[in-house]
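As stored in my_file_14.cif (mmCIF, C-alpha atoms and all ligand atoms):
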data_protein
#
loop_
_atom_site.label_atom_id
_atom_site.label_comp_id
_atom_site.auth_asym_id
_atom_site.auth_seq_id
_atom_site.Cartn_x
_atom_site.Cartn_y
_atom_site.Cartn_z
CA MET B 1 54.04 -124.52 -43.02
CA LEU B 2 50.88 -122.73 -43.95
CA ARG B 3 49.24 -124.15 -40.84
CA ASN B 4 52.15 -122.84 -38.69
CA ALA B 5 52.13 -119.46 -40.37
CA SER B 6 48.43 -119.04 -39.76
CA LYS B 7 48.83 -120.15 -36.12
CA THR B 8 51.48 -117.48 -35.56
CA HIS B 9 49.30 -115.03 -37.38
CA VAL B 10 46.31 -115.78 -35.11
CA LEU B 11 48.53 -115.47 -32.05
CA ILE B 12 49.94 -112.07 -33.09
CA THR B 13 46.47 -110.77 -33.98
CA SER B 14 45.11 -111.90 -30.59
CA VAL B 15 47.95 -110.24 -28.68
CA PHE B 16 47.44 -107.08 -30.73
CA LEU B 17 43.68 -107.08 -30.06
CA PHE B 18 44.27 -107.68 -26.37
CA ILE B 19 46.62 -104.67 -26.17
CA VAL B 20 44.13 -102.45 -28.01
CA ILE B 21 41.28 -103.46 -25.65
CA PHE B 22 43.57 -102.95 -22.67
CA ILE B 23 44.48 -99.40 -23.83
CA ILE B 24 40.83 -98.49 -24.54
CA TYR B 25 39.80 -99.77 -21.09
CA PHE B 26 42.40 -97.67 -19.29
CA TYR B 27 41.68 -94.61 -21.38
CA MET B 28 37.96 -94.82 -20.52
CA LYS B 29 38.71 -95.29 -16.84
CA ALA B 30 40.96 -92.26 -16.77
CA SER B 31 38.60 -89.87 -18.58
CA PRO B 32 35.98 -87.94 -16.59
CA PRO B 33 32.44 -89.38 -16.58
CA LEU B 34 29.95 -88.00 -19.06
CA ARG B 35 27.81 -85.31 -17.59
CA LEU B 36 24.46 -84.05 -18.78
CA PRO B 37 24.13 -80.29 -19.03
CA VAL B 38 23.41 -78.93 -15.57
CA LEU B 39 21.12 -76.21 -14.32
CA ASP B 40 22.08 -72.57 -14.35
CA PHE B 41 23.44 -71.87 -10.93
CA GLY B 42 23.00 -68.55 -9.23
CA PRO B 43 26.13 -66.73 -8.17
CA ASN B 44 25.47 -67.27 -4.44
CA GLU B 45 25.74 -71.05 -4.55
CA ASP B 46 27.97 -72.80 -2.09
CA ALA B 47 29.95 -75.77 -3.40
CA ASP B 48 28.07 -78.49 -1.51
CA PHE B 49 24.80 -77.38 -2.90
CA ILE B 50 26.06 -77.44 -6.46
CA ASN B 51 27.44 -80.97 -6.17
CA GLU B 52 24.19 -82.11 -4.73
CA LYS B 53 22.33 -80.73 -7.71
CA ILE B 54 24.69 -82.21 -10.28
CA ILE B 55 23.84 -85.61 -8.86
CA LYS B 56 20.14 -84.83 -9.02
CA THR B 57 20.34 -83.62 -12.60
CA GLN B 58 21.93 -86.90 -13.63
CA ASP B 59 19.07 -88.69 -11.93
CA CYS B 60 16.73 -87.05 -14.40
CA PRO B 61 15.99 -89.70 -17.01
CA LYS B 62 15.29 -87.50 -20.01
CA GLN B 63 14.53 -83.97 -21.00
CA SER B 64 10.97 -82.86 -21.60
CA ALA B 65 9.47 -84.06 -24.84
CA TRP B 66 7.73 -80.71 -25.09
CA SER B 67 9.13 -77.24 -24.93
CA ILE B 68 7.94 -73.84 -26.01
CA GLY B 69 8.90 -73.66 -29.65
CA ASP B 70 8.91 -70.94 -32.25
CA LEU B 71 6.66 -68.04 -31.36
CA THR B 72 5.06 -68.20 -34.80
CA MET B 73 1.67 -66.70 -35.53
CA LYS B 74 -0.71 -67.22 -38.41
CA HIS B 75 -1.39 -64.49 -40.98
CA GLY B 76 -4.51 -62.41 -40.59
CA LEU B 77 -4.94 -62.64 -36.79
CA GLU B 78 -6.57 -59.47 -35.52
CA TYR B 79 -5.49 -57.92 -32.24
CA ALA B 80 -4.63 -54.54 -30.72
CA GLN B 81 -1.25 -53.07 -31.66
CA PRO B 82 1.29 -53.56 -28.86
CA SER B 83 2.81 -50.32 -27.63
CA THR B 84 6.39 -49.50 -26.75
CA GLN B 85 5.20 -46.52 -24.68
CA LYS B 86 2.04 -47.58 -22.93
CA GLY B 87 1.60 -50.41 -20.54
CA ARG B 88 1.29 -51.07 -16.83
CA THR B 89 3.14 -48.34 -14.96
CA ASP B 90 1.86 -49.19 -11.48
CA VAL B 91 3.71 -52.51 -11.31
CA ASN B 92 7.03 -53.97 -12.45
CA ALA B 93 6.60 -56.37 -15.34
CA VAL B 94 10.14 -57.76 -15.50
CA THR B 95 12.48 -59.33 -12.95
CA ASN B 96 16.11 -58.31 -12.53
CA TRP B 97 17.10 -61.51 -14.35
CA ASN B 98 14.96 -60.35 -17.24
CA ALA B 99 12.12 -62.84 -16.88
CA PRO B 100 8.55 -61.67 -17.48
CA LEU B 101 6.51 -60.78 -14.43
CA VAL B 102 2.99 -61.44 -15.63
CA TRP B 103 0.10 -59.09 -14.79
CA GLU B 104 -3.18 -58.34 -16.51
CA GLY B 105 -2.33 -55.82 -19.24
CA THR B 106 1.13 -57.22 -19.98
CA PHE B 107 -0.04 -59.77 -22.57
CA ASP B 108 -2.69 -60.15 -25.22
CA PRO B 109 -4.74 -63.34 -24.71
CA VAL B 110 -5.53 -63.53 -28.44
CA VAL B 111 -1.83 -63.60 -29.35
CA MET B 112 -0.97 -65.93 -26.46
CA ASP B 113 -3.57 -68.51 -27.40
CA GLU B 114 -2.68 -68.40 -31.09
CA ILE B 115 0.99 -69.01 -30.38
CA TYR B 116 0.71 -71.61 -27.63
CA MET B 117 -2.33 -73.68 -28.57
CA LYS B 118 -0.73 -75.10 -31.67
CA MET B 119 2.13 -76.47 -29.56
CA ASN B 120 -0.59 -78.55 -27.90
CA PRO B 121 1.13 -79.58 -24.65
CA ARG B 122 -0.43 -82.26 -22.45
CA ILE B 123 -0.87 -80.50 -19.12
CA ALA B 124 -0.98 -82.34 -15.79
CA VAL B 125 -2.48 -80.71 -12.72
CA VAL B 126 -1.43 -82.46 -9.51
CA VAL B 127 -3.75 -81.81 -6.57
CA PHE B 128 -4.34 -83.55 -3.24
CA ALA B 129 -7.69 -84.06 -1.56
CA VAL B 130 -7.10 -85.99 1.63
CA GLY B 131 -9.61 -86.23 4.49
CA LYS B 132 -12.13 -83.43 4.48
CA TYR B 133 -10.41 -81.67 1.60
CA THR B 134 -12.38 -83.88 -0.85
CA ARG B 135 -15.15 -81.30 -0.48
CA PHE B 136 -13.07 -78.83 -2.51
CA VAL B 137 -12.63 -81.03 -5.60
CA LYS B 138 -15.91 -80.18 -7.29
CA GLY B 139 -15.47 -76.41 -7.06
CA PHE B 140 -11.85 -76.61 -8.16
CA VAL B 141 -12.40 -78.80 -11.21
CA GLU B 142 -15.68 -77.25 -12.35
CA SER B 143 -14.29 -73.72 -12.19
CA GLY B 144 -11.07 -74.98 -13.82
CA GLU B 145 -13.13 -76.22 -16.73
CA LYS B 146 -14.40 -72.69 -17.27
CA HIS B 147 -11.14 -70.78 -16.82
CA PHE B 148 -8.02 -72.96 -16.65
CA LEU B 149 -6.14 -73.32 -19.94
CA VAL B 150 -9.39 -73.69 -21.83
CA GLY B 151 -8.81 -75.38 -25.20
CA PHE B 152 -5.70 -77.22 -23.95
CA LYS B 153 -5.29 -80.92 -23.10
CA VAL B 154 -5.56 -81.09 -19.32
CA THR B 155 -5.54 -84.03 -16.90
CA TYR B 156 -6.31 -83.46 -13.23
CA TYR B 157 -4.39 -86.00 -11.13
CA ILE B 158 -6.36 -86.13 -7.91
CA PHE B 159 -4.55 -87.86 -5.05
CA THR B 160 -7.13 -88.86 -2.49
CA ASP B 161 -7.91 -91.29 0.32
CA ASP B 162 -11.63 -91.20 -0.49
CA LYS B 163 -12.50 -91.24 -4.16
CA GLU B 164 -16.08 -92.25 -3.41
CA SER B 165 -16.85 -88.95 -1.75
CA VAL B 166 -15.98 -87.00 -4.91
CA PRO B 167 -19.14 -86.36 -6.98
CA LYS B 168 -19.24 -86.98 -10.73
CA LEU B 169 -17.67 -84.08 -12.60
CA ASP B 170 -18.41 -82.81 -16.09
CA LEU B 171 -15.34 -82.23 -18.19
CA GLY B 172 -14.75 -80.53 -21.52
CA LYS B 173 -13.20 -82.03 -24.64
CA ASN B 174 -9.62 -83.25 -24.16
CA ARG B 175 -9.96 -82.93 -20.40
CA ASN B 176 -9.56 -85.90 -18.02
CA ILE B 177 -9.40 -86.89 -14.39
CA SER B 178 -7.15 -89.57 -12.95
CA PHE B 179 -7.64 -90.59 -9.31
CA LEU B 180 -4.64 -91.88 -7.37
CA PRO B 181 -4.98 -93.51 -3.96
CA VAL B 182 -2.96 -92.16 -1.03
CA PRO B 183 -3.20 -93.03 2.67
CA SER B 184 -5.19 -90.92 5.13
CA ALA B 185 -3.18 -88.72 7.47
CA LYS B 186 -3.21 -87.78 11.12
CA ARG B 187 -1.39 -84.50 10.65
CA TRP B 188 -1.99 -81.93 7.92
CA GLN B 189 1.76 -81.43 7.71
CA GLU B 190 2.01 -85.06 6.57
CA VAL B 191 -0.28 -84.37 3.60
CA VAL B 192 1.34 -81.09 2.68
CA LEU B 193 4.85 -82.56 2.65
CA GLY B 194 3.66 -85.98 1.46
CA ARG B 195 2.63 -84.24 -1.75
CA MET B 196 6.28 -83.99 -2.74
CA LYS B 197 6.88 -87.69 -2.16
CA TRP B 198 3.75 -88.96 -3.91
CA ALA B 199 4.18 -86.58 -6.80
CA THR B 200 7.84 -87.66 -7.27
CA LEU B 201 6.91 -91.35 -7.27
CA THR B 202 3.91 -90.89 -9.53
CA ILE B 203 5.73 -88.73 -12.07
CA ASP B 204 8.35 -91.50 -12.21
CA LYS B 205 5.81 -94.25 -12.62
CA GLN B 206 3.05 -92.69 -14.68
CA ILE B 207 2.75 -88.97 -15.33
CA ARG B 208 6.03 -88.74 -17.23
CA ASN B 209 4.48 -90.83 -20.01
CA GLU B 210 1.27 -88.86 -20.10
CA ALA B 211 2.20 -85.17 -19.77
CA ASP B 212 4.61 -82.54 -21.05
CA TYR B 213 3.85 -79.83 -18.56
CA LEU B 214 2.96 -80.00 -14.87
CA PHE B 215 1.27 -77.74 -12.33
CA MET B 216 1.24 -78.39 -8.58
CA MET B 217 -1.75 -76.73 -6.91
CA ASP B 218 -3.72 -76.50 -3.68
CA ILE B 219 -7.24 -77.90 -3.96
CA ASP B 220 -8.94 -75.34 -1.68
CA SER B 221 -9.23 -72.80 -4.49
CA VAL B 222 -11.67 -71.69 -7.17
CA PHE B 223 -10.89 -70.24 -10.60
CA HIS B 224 -12.69 -66.98 -11.38
CA ASN B 225 -11.06 -65.68 -14.54
CA ARG B 226 -8.73 -66.70 -17.34
CA PHE B 227 -5.65 -68.64 -16.20
CA GLY B 228 -4.15 -69.19 -19.63
CA ALA B 229 -1.09 -69.85 -21.77
CA GLU B 230 0.60 -66.68 -20.51
CA SER B 231 1.37 -68.74 -17.38
CA LEU B 232 3.43 -71.33 -19.25
CA SER B 233 7.23 -71.39 -19.20
CA ARG B 234 10.03 -73.73 -18.27
CA LEU B 235 9.51 -72.90 -14.60
CA SER B 236 6.76 -70.49 -13.48
CA ALA B 237 6.24 -69.41 -9.88
CA VAL B 238 3.56 -67.23 -8.31
CA LEU B 239 4.18 -64.30 -5.96
CA HIS B 240 2.56 -64.95 -2.58
CA ARG B 241 -0.19 -62.38 -2.19
CA GLY B 242 0.84 -61.63 1.39
CA TYR B 243 4.40 -60.57 0.62
CA TYR B 244 4.54 -59.10 -2.85
CA LYS B 245 5.10 -55.59 -1.53
CA ALA B 246 7.09 -56.58 1.55
CA PRO B 247 10.81 -55.99 2.12
CA ARG B 248 12.81 -59.23 1.96
CA GLU B 249 13.50 -59.13 5.71
CA GLU B 250 9.81 -59.86 6.23
CA PHE B 251 9.65 -62.87 3.93
CA PRO B 252 8.77 -65.95 6.00
CA TYR B 253 11.78 -67.89 4.71
CA GLU B 254 13.26 -70.62 6.87
CA ARG B 255 15.74 -68.78 9.10
CA ARG B 256 17.13 -71.67 11.14
CA SER B 257 20.46 -72.74 9.68
CA GLN B 258 19.84 -76.35 10.77
CA SER B 259 17.18 -76.70 8.09
CA LYS B 260 17.99 -77.43 4.45
CA ALA B 261 15.57 -74.63 3.53
CA TYR B 262 17.68 -72.00 5.32
CA ILE B 263 18.02 -68.65 3.62
CA PRO B 264 20.25 -66.10 5.37
CA ALA B 265 19.14 -62.55 6.17
CA GLY B 266 19.83 -60.13 3.36
CA ALA B 267 19.13 -62.70 0.62
CA GLY B 268 15.97 -63.17 -1.44
CA ASP B 269 14.15 -61.94 -4.53
CA TYR B 270 10.49 -62.68 -3.87
CA TYR B 271 8.39 -64.91 -1.66
CA TYR B 272 6.61 -67.51 -3.79
CA THR B 273 3.55 -69.52 -2.85
CA ALA B 274 3.61 -73.32 -2.97
CA ALA B 275 -0.09 -73.39 -3.81
CA VAL B 276 0.45 -72.82 -7.57
CA TRP B 277 3.64 -73.59 -9.49
CA GLY B 278 4.26 -75.13 -12.86
CA GLY B 279 6.74 -75.88 -15.61
CA TYR B 280 8.09 -78.40 -18.08
CA LEU B 281 7.58 -81.86 -16.72
CA GLU B 282 11.26 -82.71 -16.14
CA ASP B 283 12.09 -79.33 -14.59
CA MET B 284 9.14 -79.71 -12.24
CA TYR B 285 10.15 -83.29 -11.48
CA LYS B 286 13.58 -82.08 -10.47
CA LEU B 287 12.09 -79.42 -8.21
CA VAL B 288 9.39 -81.59 -6.63
CA LYS B 289 12.01 -84.27 -5.95
CA TYR B 290 14.33 -81.65 -4.50
CA CYS B 291 11.61 -80.51 -2.06
CA TYR B 292 10.96 -84.15 -1.15
CA GLU B 293 14.62 -84.98 -0.55
CA GLN B 294 15.39 -81.79 1.34
CA SER B 295 12.42 -82.32 3.67
CA GLU B 296 13.53 -85.93 4.23
CA GLU B 297 16.97 -84.64 5.21
CA ASP B 298 15.32 -82.20 7.59
CA ALA B 299 13.23 -85.00 9.10
CA LYS B 300 16.42 -87.01 9.76
CA ASN B 301 17.71 -84.01 11.68
CA ASN B 302 14.42 -83.61 13.56
CA ILE B 303 13.49 -80.35 11.96
CA GLU B 304 10.54 -79.36 9.76
CA ALA B 305 10.85 -76.21 7.66
CA VAL B 306 8.64 -73.38 8.84
CA TRP B 307 6.32 -73.52 5.79
CA GLN B 308 7.07 -77.11 4.84
CA GLU B 309 7.61 -77.57 1.08
CA GLU B 310 7.01 -73.87 0.47
CA SER B 311 10.24 -73.13 2.34
CA HIS B 312 12.24 -75.59 0.22
CA LEU B 313 10.61 -74.26 -2.94
CA ASN B 314 11.66 -70.72 -2.03
CA LYS B 315 15.22 -71.83 -1.36
CA TYR B 316 15.44 -73.55 -4.75
CA LEU B 317 13.95 -70.62 -6.64
CA LEU B 318 16.35 -68.16 -5.08
CA TYR B 319 19.33 -70.01 -6.57
CA ASN B 320 17.59 -71.38 -9.69
CA LYS B 321 15.59 -68.44 -10.97
CA PRO B 322 12.16 -69.13 -12.44
CA THR B 323 11.71 -68.33 -16.14
CA LYS B 324 8.40 -66.58 -15.48
CA VAL B 325 7.06 -64.96 -12.34
CA LEU B 326 3.28 -64.76 -12.10
CA SER B 327 1.63 -61.94 -10.17
CA PRO B 328 -0.69 -62.69 -7.22
CA GLU B 329 -3.56 -62.59 -9.75
CA TYR B 330 -2.57 -66.25 -10.19
CA LEU B 331 -3.41 -66.99 -6.56
CA TRP B 332 -5.39 -64.56 -4.52
CA SER B 333 -7.37 -65.35 -1.36
CA ASP B 334 -10.98 -64.77 -0.32
CA TYR B 335 -9.56 -63.68 3.04
CA ASP B 336 -8.07 -60.52 1.53
CA GLN B 337 -9.47 -57.39 -0.10
CA VAL B 338 -8.42 -57.00 -3.71
CA PRO B 339 -6.10 -53.95 -4.06
CA SER B 340 -6.06 -51.70 -7.10
CA ASP B 341 -2.97 -53.29 -8.69
CA ILE B 342 -4.75 -56.66 -8.89
CA LYS B 343 -6.96 -56.04 -11.92
CA VAL B 344 -8.14 -59.63 -12.21
CA VAL B 345 -8.37 -62.44 -9.66
CA ARG B 346 -7.75 -65.58 -11.69
CA ILE B 347 -7.87 -68.09 -8.87
CA SER B 348 -8.62 -67.56 -5.22
CA GLN B 349 -8.14 -69.60 -2.07
CA LEU B 350 -11.38 -70.27 -0.21
CA ILE B 351 -12.05 -69.22 3.33
CA LYS B 352 -11.98 -72.35 5.42
CA ASN B 353 -12.23 -73.29 9.04
CA TYR B 354 -8.72 -74.67 9.53
CA ALA B 355 -9.63 -76.31 12.85
CA GLU B 356 -12.59 -78.12 11.29
CA VAL B 357 -11.10 -79.17 7.97
CA ARG B 358 -7.65 -80.36 9.08
CA PRO B 359 -7.19 -83.67 10.92
CA ASN B 360 -5.09 -82.13 13.70
CA GLY B 361 -6.63 -78.66 13.74
CA GLY B 362 -5.22 -75.61 12.13
CA HIS B 363 -2.62 -73.05 12.84
CA ARG B 364 -4.03 -70.04 11.06
C1 LIG O 1 -1.62 -70.05 -0.36
C2 LIG O 1 -0.47 -70.82 0.13
O1 LIG O 1 0.61 -70.31 0.24
N1 LIG O 1 -0.68 -72.11 0.43
C3 LIG O 1 0.31 -72.87 1.13
C4 LIG O 1 -0.14 -72.86 2.57
O2 LIG O 1 -1.34 -73.53 2.49
P1 LIG O 1 -2.74 -73.48 3.17
O3 LIG O 1 -2.75 -72.83 4.48
O4 LIG O 1 -3.71 -73.03 2.17
O5 LIG O 1 -2.74 -75.07 3.40
P2 LIG O 1 -3.84 -76.10 3.01
O6 LIG O 1 -4.57 -76.43 4.26
O7 LIG O 1 -4.63 -75.66 1.85
O8 LIG O 1 -2.93 -77.35 2.60
C5 LIG O 1 -2.31 -77.42 1.33
C6 LIG O 1 -2.98 -78.50 0.46
O9 LIG O 1 -2.71 -79.80 0.97
C7 LIG O 1 -3.83 -80.65 0.77
N2 LIG O 1 -4.34 -81.09 2.07
C8 LIG O 1 -3.91 -80.52 3.24
C9 LIG O 1 -4.34 -81.00 4.47
C10 LIG O 1 -5.26 -82.10 4.51
O10 LIG O 1 -5.70 -82.57 5.56
N3 LIG O 1 -5.68 -82.63 3.32
C11 LIG O 1 -5.25 -82.17 2.11
O11 LIG O 1 -5.67 -82.69 1.07
C12 LIG O 1 -4.86 -79.85 -0.02
O12 LIG O 1 -4.63 -80.02 -1.39
C13 LIG O 1 -4.52 -78.44 0.40
O13 LIG O 1 -5.00 -77.48 -0.53
O14 LIG O 1 0.83 -73.54 3.37
C14 LIG O 1 1.07 -74.90 3.02
C15 LIG O 1 2.18 -75.41 3.89
O15 LIG O 1 1.92 -75.13 5.21
C16 LIG O 1 1.43 -75.06 1.55
O16 LIG O 1 2.71 -74.54 1.30
C17 LIG O 1 0.39 -74.36 0.70
O17 LIG O 1 0.71 -74.49 -0.66
MN MN O 2 -4.54 -73.97 0.54
#
Let me see whether you can do it: turn the structure in this file into structure tokens.
Amino acid sequence: MLRNASKTHVLITSVFLFIVIFIIYFYMKASPPLRLPVLDFGPNEDADFINEKIIKTQDCPKQSAWSIGDLTMKHGLEYAQPSTQKGRTDVNAVTNWNAPLVWEGTFDPVVMDEIYMKMNPRIAVVVFAVGKYTRFVKGFVESGEKHFLVGFKVTYYIFTDDKESVPKLDLGKNRNISFLPVPSAKRWQEVVLGRMKWATLTIDKQIRNEADYLFMMDIDSVFHNRFGAESLSRLSAVLHRGYYKAPREEFPYERRSQSKAYIPAGAGDYYYTAAVWGGYLEDMYKLVKYCYEQSEEDAKNNIEAVWQEESHLNKYLLYNKPTKVLSPEYLWSDYDQVPSDIKVVRISQLIKNYAEVRPNGGHR
């Protein structure tokens, strides 16, 4: 009797459990999938573009371990009183989405360093030196040691096809170099665009575990003055020196609608350079990967954006506004005279013989 009763009991419990599992299964199937928070989308987005980015955001494995925290400052720090009346009047120091536009005279380096240094981010600098561009490594790194985020933890990730030709470099405390092998190239366009692919793969494999913050930079440049913590934000982009006073019609955006980098006439905030950009590691990962994937799409359609990854970068930043815009002080060029609104040249592109230095000659 007891045996029978317990048998029936087991049977009823099993049926009950089965029904519960069945209901849970169907409920889960019917509910929408979990979504991570997505990027802020600009108002001009078309639907396709947004869907594409939702997928990409989900691809992102985790949010940055590091982010700019409380802007706390120790007692007793001495610095000039900030004014509500005086400041730069010859330039605009704020964007129309209320992000800082950074120029000399809009920040106090003493305050900046005090606030940011204690957050102690690990900063990755991704640069490529392929073919004859290895000659620029020494000047870039040695000047970086004097001026680039001095006092911060910095690792230069140098992607090169010829490590042997890079001379030994002296580095400061908490500063490192990591060489990464990449193939040689027949076309300079391959290197320039290849940067997006190699950087995506290497962030995935390695850099993600070693850095909190990432800069992408051109190697053919030399630092001349402070390039400090005032440049840090979730996503910081630099105004291209050639177009910072130009009307948007003159921006060299991609204008062919067949390209993924297409920006229609009448649209645009600024024209940003692809030679210096930086941000939190995962935000940069998303953007670097975006440039890689968009240029791959273009390649499938037999088109290459007019300024390669720079065109894709500009498209992204139009619809996903940067959190800081850096003035052309953050990338000037030895080709150009320094105008009066550029009070400090922090880093400058070297004059180079494009035809000599590039594998397939130059176009400038
Ligand atoms: C100031 C500025 O806006 N720079 C952009 C402009 O660069 P540039 O005209 O300054 O191009 P570039 O010749 O410096 O090439 C960009 C970078 O790619 C690497 N490299 C290139 C060729 C090569 O054979 N080996 C090699 O290592 C190297 O790190 C170099 O600094 O246009 C390029 C695309 O056309 C990129 O958007 C650059 O960021
Ligand atoms: Mn360059």
Fewer than 2 positions away in the same chain doesn't count, so skip those; otherwise give me all residues within 10 Å of Arg255 (chain B), counting only C-alpha atoms, as a list in words.
-> Phe251, Pro252, Tyr253, Ser257, Gln258, Ser259, Ala261, Tyr262, Ile263, Pro264, Ala265, Ala305, Val306 and Ser311 of chain B
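Using all atoms listed in the file, residues with at least one atom at most 7 Å away from any atom of ligand MN 2 (chain O) are Asp218, Ile219, Asp220, Ser221, Ala275 and Gln349 of chain B.
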Neighbourhood query: residues within 10 Å of (8.2, -89.8, -11.5), file coordinates, counting only C-alpha atoms; return as a list in words.
->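 In the file's frame, the residues around the point are Cys60, Pro61, Lys197, Trp198, Ala199, Thr200, Leu201, Thr202, Ile203, Asp204, Lys205, Gln206, Ile207, Arg208, Asn209, Leu281, Glu282, Tyr285, Lys286, Val288 and Lys289 of chain B.
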Counting all atoms listed in the file, the residue of B:Lys186, B:Lys321, B:Lys146, B:His224 that sits nearest ligand LIG 1 (chain O) = B:Lys186
Which is closest to ligand LIG 1 (chain O) among B:Val20, B:Met73, B:Leu313, B:Leu287, if we use all atoms listed in the file?
->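 Among B:Val20, B:Met73, B:Leu313, B:Leu287, it is B:Leu313 that comes nearest to ligand LIG 1 (chain O).
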Which residues are near ligand LIG 1 (chain O) - at most 7 Å, using all atoms listed in the file? Format: as a tab-separated table (two decimals) with C-alpha atoms, in the frame of the given file.
chain	number	residue	atom	x	y	z
B	127	VAL	CA	-3.75	-81.81	-6.57
B	128	PHE	CA	-4.34	-83.55	-3.24
B	129	ALA	CA	-7.69	-84.06	-1.56
B	130	VAL	CA	-7.10	-85.99	1.63
B	131	GLY	CA	-9.61	-86.23	4.49
B	132	LYS	CA	-12.13	-83.43	4.48
B	133	TYR	CA	-10.41	-81.67	1.60
B	185	ALA	CA	-3.18	-88.72	7.47
B	187	ARG	CA	-1.39	-84.50	10.65
B	188	TRP	CA	-1.99	-81.93	7.92
B	189	GLN	CA	1.76	-81.43	7.71
B	191	VAL	CA	-0.28	-84.37	3.60
B	192	VAL	CA	1.34	-81.09	2.68
B	218	ASP	CA	-3.72	-76.50	-3.68
B	219	ILE	CA	-7.24	-77.90	-3.96
B	220	ASP	CA	-8.94	-75.34	-1.68
B	240	HIS	CA	2.56	-64.95	-2.58
B	273	THR	CA	3.55	-69.52	-2.85
B	274	ALA	CA	3.61	-73.32	-2.97
B	275	ALA	CA	-0.09	-73.39	-3.81
B	307	TRP	CA	6.32	-73.52	5.79
B	308	GLN	CA	7.07	-77.11	4.84
B	309	GLU	CA	7.61	-77.57	1.08
B	310	GLU	CA	7.01	-73.87	0.47
B	349	GLN	CA	-8.14	-69.60	-2.07
B	354	TYR	CA	-8.72	-74.67	9.53
B	357	VAL	CA	-11.10	-79.17	7.97
B	358	ARG	CA	-7.65	-80.36	9.08
B	359	PRO	CA	-7.19	-83.67	10.92
Which residue of B:Lys153, B:Lys7, B:Arg175, B:Arg256 approaches Glu304 (chain B) most closely, using all atoms listed in the file =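 For Glu304 (chain B), the nearest of the candidates is B:Arg256.
Every protein or nucleic acid residue with an atom no more than 7 Å from Thr106 (chain B), counting all atoms listed in the file and leaving out same-chain residues fewer than 4 positions away, appears here: Gly87, Arg88 and Val102 of chain B.
Across the model, the gap from CA of Lys163 (chain B) to CA of Ser184 (chain B) is 11.8 Å.
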What does the distance between CA of Thr84 (chain B) and CA of Val110 (chain B) come to in Å, to one decimal place?
->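 Calculated distance between CA of Thr84 (chain B) and CA of Val110 (chain B) is 18.5 Å.
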Region 151-164 of chain B: axis-aligned bounding box, 4 Å on each side, centre and edge lengths in Å, one decimal, as AutoDock Vina command-line options:
--center_x -10.2 --center_y -83.8 --center_z -12.4 --size_x 19.7 --size_y 24.9 --size_z 33.5
Can you tell me how far CA of Gly105 (chain B) sits from CA of Gly139 (chain B), in Å to one decimal?
->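 Separation of CA of Gly105 (chain B) and CA of Gly139 (chain B): 27.3 Å.
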Selection: 9 Å around region 329-334 of chain B, all atoms listed in the file, excl. self and same-chain fewer than 5 positions, as a list of chain:residue names =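 After dropping sequence-adjacent residues, the list is B:Val102, B:Trp103, B:Glu104, B:Ser221, B:Phe227, B:Ser231, B:Val238, B:Leu239, B:His240, B:Arg241, B:Thr273, B:Ala275, B:Val276, B:Ile342, B:Lys343, B:Val344, B:Val345, B:Arg346, B:Ile347, B:Ser348, B:Gln349, B:Leu350, B:Ile351.
If you measure from each of B:Tyr271, B:Tyr213, B:Phe223, B:Tyr290 to Ala65 (chain B) using all atoms listed in the file, the closest one turns out to be B:Tyr213.
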Go through B:Lys173, B:His147, B:Arg248, B:Lys260 and flag the residue nearest Asn225 (chain B), using all atoms listed in the file for the distances.
->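 Closest to Asn225 (chain B), using all atoms listed in the file: B:His147.
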